>>> print(open('start.txt').read())   # compact mmCIF, N, CA and C atoms
# COMPACT_ATOMS: atom_id res chain seq x y z
N MET J 1 32.53 -80.61 -160.43
CA MET J 1 33.21 -81.87 -160.60
C MET J 1 32.36 -82.80 -161.44
N ALA J 2 32.00 -82.33 -162.60
CA ALA J 2 31.17 -83.13 -163.49
C ALA J 2 31.95 -84.33 -164.00
N ASN J 3 31.33 -85.47 -163.98
CA ASN J 3 31.90 -86.72 -164.47
C ASN J 3 33.14 -87.16 -163.70
N THR J 4 33.37 -86.64 -162.52
CA THR J 4 34.49 -87.10 -161.70
C THR J 4 34.07 -88.35 -160.95
N LEU J 5 34.94 -89.35 -160.97
CA LEU J 5 34.63 -90.63 -160.33
C LEU J 5 35.63 -90.90 -159.20
N ALA J 6 35.18 -91.60 -158.17
CA ALA J 6 36.04 -92.01 -157.07
C ALA J 6 36.66 -93.35 -157.42
N LEU J 7 37.98 -93.47 -157.27
CA LEU J 7 38.68 -94.74 -157.49
C LEU J 7 38.79 -95.46 -156.15
N LYS J 8 38.26 -96.70 -156.10
CA LYS J 8 38.23 -97.45 -154.85
C LYS J 8 38.72 -98.87 -155.06
N VAL J 9 39.23 -99.46 -153.96
CA VAL J 9 39.63 -100.87 -153.95
C VAL J 9 38.87 -101.56 -152.81
N ASN J 10 38.60 -102.84 -152.98
CA ASN J 10 37.88 -103.61 -151.97
C ASN J 10 38.91 -104.36 -151.14
N ARG J 11 39.06 -103.94 -149.86
CA ARG J 11 40.07 -104.54 -149.00
C ARG J 11 39.43 -105.28 -147.83
N PRO J 12 39.84 -106.52 -147.62
CA PRO J 12 39.32 -107.28 -146.48
C PRO J 12 40.02 -106.89 -145.18
N TYR J 13 39.30 -107.03 -144.07
CA TYR J 13 39.88 -106.82 -142.75
C TYR J 13 39.23 -107.80 -141.78
N LYS J 14 39.92 -108.11 -140.70
CA LYS J 14 39.40 -109.06 -139.72
C LYS J 14 38.89 -108.31 -138.51
N THR J 15 37.77 -108.80 -137.96
CA THR J 15 37.17 -108.21 -136.76
C THR J 15 36.56 -109.33 -135.94
N THR J 16 36.19 -109.01 -134.72
CA THR J 16 35.58 -110.01 -133.84
C THR J 16 34.10 -109.68 -133.65
N VAL J 17 33.24 -110.66 -133.93
CA VAL J 17 31.80 -110.52 -133.75
C VAL J 17 31.33 -111.66 -132.86
N ASP J 18 30.76 -111.33 -131.71
CA ASP J 18 30.28 -112.32 -130.73
C ASP J 18 31.36 -113.33 -130.37
N GLY J 19 32.60 -112.87 -130.24
CA GLY J 19 33.69 -113.75 -129.85
C GLY J 19 34.32 -114.54 -130.99
N ASN J 20 33.76 -114.42 -132.19
CA ASN J 20 34.30 -115.13 -133.35
C ASN J 20 35.00 -114.15 -134.27
N GLU J 21 36.15 -114.57 -134.81
CA GLU J 21 36.86 -113.72 -135.75
C GLU J 21 36.26 -113.91 -137.14
N VAL J 22 35.85 -112.80 -137.77
CA VAL J 22 35.26 -112.84 -139.10
C VAL J 22 36.00 -111.87 -140.01
N THR J 23 35.94 -112.15 -141.31
CA THR J 23 36.56 -111.28 -142.31
C THR J 23 35.46 -110.49 -142.99
N LYS J 24 35.63 -109.17 -143.04
CA LYS J 24 34.68 -108.29 -143.70
C LYS J 24 35.43 -107.50 -144.77
N ASN J 25 34.68 -106.84 -145.66
CA ASN J 25 35.28 -106.04 -146.72
C ASN J 25 34.90 -104.58 -146.56
N ARG J 26 35.79 -103.70 -147.00
CA ARG J 26 35.51 -102.26 -146.98
C ARG J 26 36.05 -101.68 -148.28
N TRP J 27 35.30 -100.71 -148.84
CA TRP J 27 35.74 -100.01 -150.05
C TRP J 27 36.55 -98.80 -149.63
N VAL J 28 37.83 -98.78 -150.00
CA VAL J 28 38.75 -97.71 -149.63
C VAL J 28 39.01 -96.83 -150.85
N GLN J 29 38.77 -95.52 -150.72
CA GLN J 29 39.04 -94.60 -151.83
C GLN J 29 40.53 -94.30 -151.88
N ILE J 30 41.13 -94.49 -153.08
CA ILE J 30 42.57 -94.26 -153.23
C ILE J 30 42.88 -93.15 -154.23
N GLY J 31 41.84 -92.52 -154.81
CA GLY J 31 42.07 -91.43 -155.74
C GLY J 31 40.79 -91.05 -156.48
N ILE J 32 40.95 -90.25 -157.55
CA ILE J 32 39.81 -89.84 -158.38
C ILE J 32 40.17 -90.00 -159.85
N GLN J 33 39.14 -90.03 -160.68
CA GLN J 33 39.30 -90.11 -162.12
C GLN J 33 38.53 -88.97 -162.76
N THR J 34 39.21 -88.19 -163.62
CA THR J 34 38.57 -87.05 -164.27
C THR J 34 38.66 -87.20 -165.79
N PRO J 35 37.70 -86.64 -166.53
CA PRO J 35 37.77 -86.72 -167.99
C PRO J 35 38.84 -85.78 -168.54
N ASN J 36 39.48 -86.20 -169.64
CA ASN J 36 40.44 -85.34 -170.34
C ASN J 36 39.70 -84.33 -171.19
N LYS J 37 40.40 -83.30 -171.63
CA LYS J 37 39.78 -82.33 -172.54
C LYS J 37 39.56 -82.96 -173.91
N LYS J 38 40.40 -83.90 -174.27
CA LYS J 38 40.28 -84.56 -175.58
C LYS J 38 39.47 -85.84 -175.44
N VAL J 39 40.16 -86.96 -175.28
CA VAL J 39 39.48 -88.26 -175.19
C VAL J 39 40.06 -89.03 -174.02
N GLY J 40 39.23 -89.73 -173.30
CA GLY J 40 39.71 -90.58 -172.23
C GLY J 40 39.62 -89.95 -170.86
N PHE J 41 40.35 -90.56 -169.92
CA PHE J 41 40.32 -90.13 -168.53
C PHE J 41 41.73 -90.04 -167.97
N THR J 42 41.89 -89.24 -166.91
CA THR J 42 43.13 -89.17 -166.17
C THR J 42 42.85 -89.64 -164.76
N GLN J 43 43.70 -90.53 -164.26
CA GLN J 43 43.54 -91.03 -162.90
C GLN J 43 44.55 -90.35 -161.99
N HIS J 44 44.05 -89.80 -160.87
CA HIS J 44 44.87 -89.11 -159.89
C HIS J 44 44.87 -89.95 -158.61
N PHE J 45 45.97 -90.66 -158.36
CA PHE J 45 46.04 -91.54 -157.20
C PHE J 45 46.61 -90.81 -156.00
N ASP J 46 45.94 -90.91 -154.84
CA ASP J 46 46.47 -90.42 -153.58
C ASP J 46 47.47 -91.43 -153.04
N VAL J 47 47.15 -92.70 -153.18
CA VAL J 47 48.05 -93.82 -152.83
C VAL J 47 47.92 -94.85 -153.95
N LEU J 48 48.94 -95.65 -154.13
CA LEU J 48 48.91 -96.67 -155.18
C LEU J 48 48.20 -97.93 -154.68
N PRO J 49 47.58 -98.69 -155.60
CA PRO J 49 46.97 -99.95 -155.20
C PRO J 49 48.05 -100.93 -154.73
N LEU J 50 47.68 -101.84 -153.86
CA LEU J 50 48.62 -102.83 -153.33
C LEU J 50 48.92 -103.90 -154.38
N VAL J 51 50.09 -104.52 -154.25
CA VAL J 51 50.46 -105.68 -155.06
C VAL J 51 50.41 -106.89 -154.12
N VAL J 52 49.48 -107.83 -154.40
CA VAL J 52 49.31 -109.00 -153.56
C VAL J 52 49.62 -110.23 -154.40
N ASN J 53 50.60 -111.01 -153.96
CA ASN J 53 51.03 -112.21 -154.69
C ASN J 53 51.37 -111.91 -156.14
N GLY J 54 52.00 -110.78 -156.39
CA GLY J 54 52.43 -110.42 -157.74
C GLY J 54 51.35 -109.81 -158.61
N GLN J 55 50.13 -109.61 -158.08
CA GLN J 55 49.05 -109.01 -158.86
C GLN J 55 48.58 -107.72 -158.20
N VAL J 56 48.32 -106.73 -159.03
CA VAL J 56 47.85 -105.43 -158.53
C VAL J 56 46.36 -105.53 -158.21
N GLU J 57 45.96 -104.88 -157.10
CA GLU J 57 44.54 -104.86 -156.72
C GLU J 57 43.69 -104.31 -157.85
N LYS J 58 42.47 -104.81 -157.97
CA LYS J 58 41.54 -104.28 -158.96
C LYS J 58 41.00 -102.95 -158.46
N VAL J 59 41.11 -101.91 -159.30
CA VAL J 59 40.62 -100.58 -158.97
C VAL J 59 39.30 -100.37 -159.70
N MET J 60 38.29 -99.93 -158.96
CA MET J 60 36.96 -99.69 -159.53
C MET J 60 36.65 -98.21 -159.44
N ALA J 61 35.89 -97.68 -160.42
CA ALA J 61 35.50 -96.27 -160.44
C ALA J 61 34.01 -96.16 -160.12
N PHE J 62 33.67 -95.30 -159.16
CA PHE J 62 32.29 -95.10 -158.74
C PHE J 62 31.94 -93.62 -158.82
N PRO J 63 30.68 -93.30 -159.13
CA PRO J 63 30.25 -91.88 -159.09
C PRO J 63 30.38 -91.35 -157.66
N ILE J 64 30.76 -90.09 -157.55
CA ILE J 64 30.87 -89.47 -156.23
C ILE J 64 29.48 -89.02 -155.80
N GLU J 65 29.07 -89.49 -154.61
CA GLU J 65 27.75 -89.16 -154.10
C GLU J 65 27.80 -87.82 -153.38
N ARG J 66 26.83 -86.96 -153.68
CA ARG J 66 26.74 -85.67 -153.02
C ARG J 66 26.16 -85.86 -151.63
N LYS J 67 26.72 -85.13 -150.67
CA LYS J 67 26.21 -85.19 -149.30
C LYS J 67 25.06 -84.21 -149.18
N GLU J 68 24.00 -84.67 -148.53
CA GLU J 68 22.83 -83.82 -148.33
C GLU J 68 23.03 -82.97 -147.09
N ASP J 69 22.62 -81.71 -147.16
CA ASP J 69 22.70 -80.82 -146.01
C ASP J 69 21.54 -81.14 -145.06
N SER J 70 21.85 -81.13 -143.81
CA SER J 70 20.85 -81.42 -142.79
C SER J 70 20.41 -80.10 -142.16
N ASN J 71 19.10 -79.88 -142.06
CA ASN J 71 18.56 -78.67 -141.45
C ASN J 71 18.00 -78.94 -140.08
N GLU J 72 18.31 -80.13 -139.53
CA GLU J 72 17.77 -80.49 -138.23
C GLU J 72 18.50 -79.73 -137.12
N ALA J 73 17.73 -79.26 -136.12
CA ALA J 73 18.30 -78.59 -134.96
C ALA J 73 18.80 -79.64 -133.98
N ILE J 74 19.91 -79.36 -133.36
CA ILE J 74 20.47 -80.32 -132.40
C ILE J 74 20.09 -79.91 -131.00
>>> encode(input="start.txt", output="structure tokens")
Amino acid sequence: MANTLALKVNRPYKTTVDGNEVTKNRWVQIGIQTPNKKVGFTQHFDVLPLVVNGQVEKVMAFPIERKEDSNEAI
């Protein structure tokens, strides 16, 4: 998966911390972006970005991080 990028959106959510309601953000992956054989990229969406107040969410592309294998005994 060379040059494959994760497509993510930053979505706020509400939670309670010490009895107070606070708003936090989370990066949600909604698809991937792959290079074309010619020029440019193709975006493969698992779900579409939301439309909030008539505007589409900003989609950002991030490198996909490889997971490290753990050799620890449990």
>>> residues_around(input="start.txt", residues="Pro63 in chain J", least_positions_apart="5", cutoff="6 Å", atoms="all atoms listed in the file", output="list in words")
Thr4, Leu5 and Ala6 of chain J
>>> residues_around(input="start.txt", residues="Thr34 in chain J", least_positions_apart="2", cutoff="8 Å", atoms="all atoms listed in the file", output="list of chain:residue names")
J:Ala2, J:Asn3, J:Thr4, J:Leu5, J:Ala6, J:Gly31, J:Ile32, J:Asn36, J:Lys37, J:Gly40, J:Phe41, J:Thr42, J:Gln43, J:His44
>>> atom_distance(input="start.txt", atom1="CA of Val28 in chain J", atom2="atom N of Met60 in chain J")
9.6 Å
>>> atom_distance(input="start.txt", atom1="atom N of Phe45 in chain J", atom2="atom N of Pro12 in chain J")
20.1 Å
>>> atom_distance(input="start.txt", atom1="atom N of Glu57 in chain J", atom2="atom N of Thr16 in chain J")
24.8 Å
>>> closest_residue(input="start.txt", among="J:Gly54, J:Val17, J:Lys8, J:Pro49", to="Gln29 in chain J", atoms="only C-alpha atoms")
J:Lys8
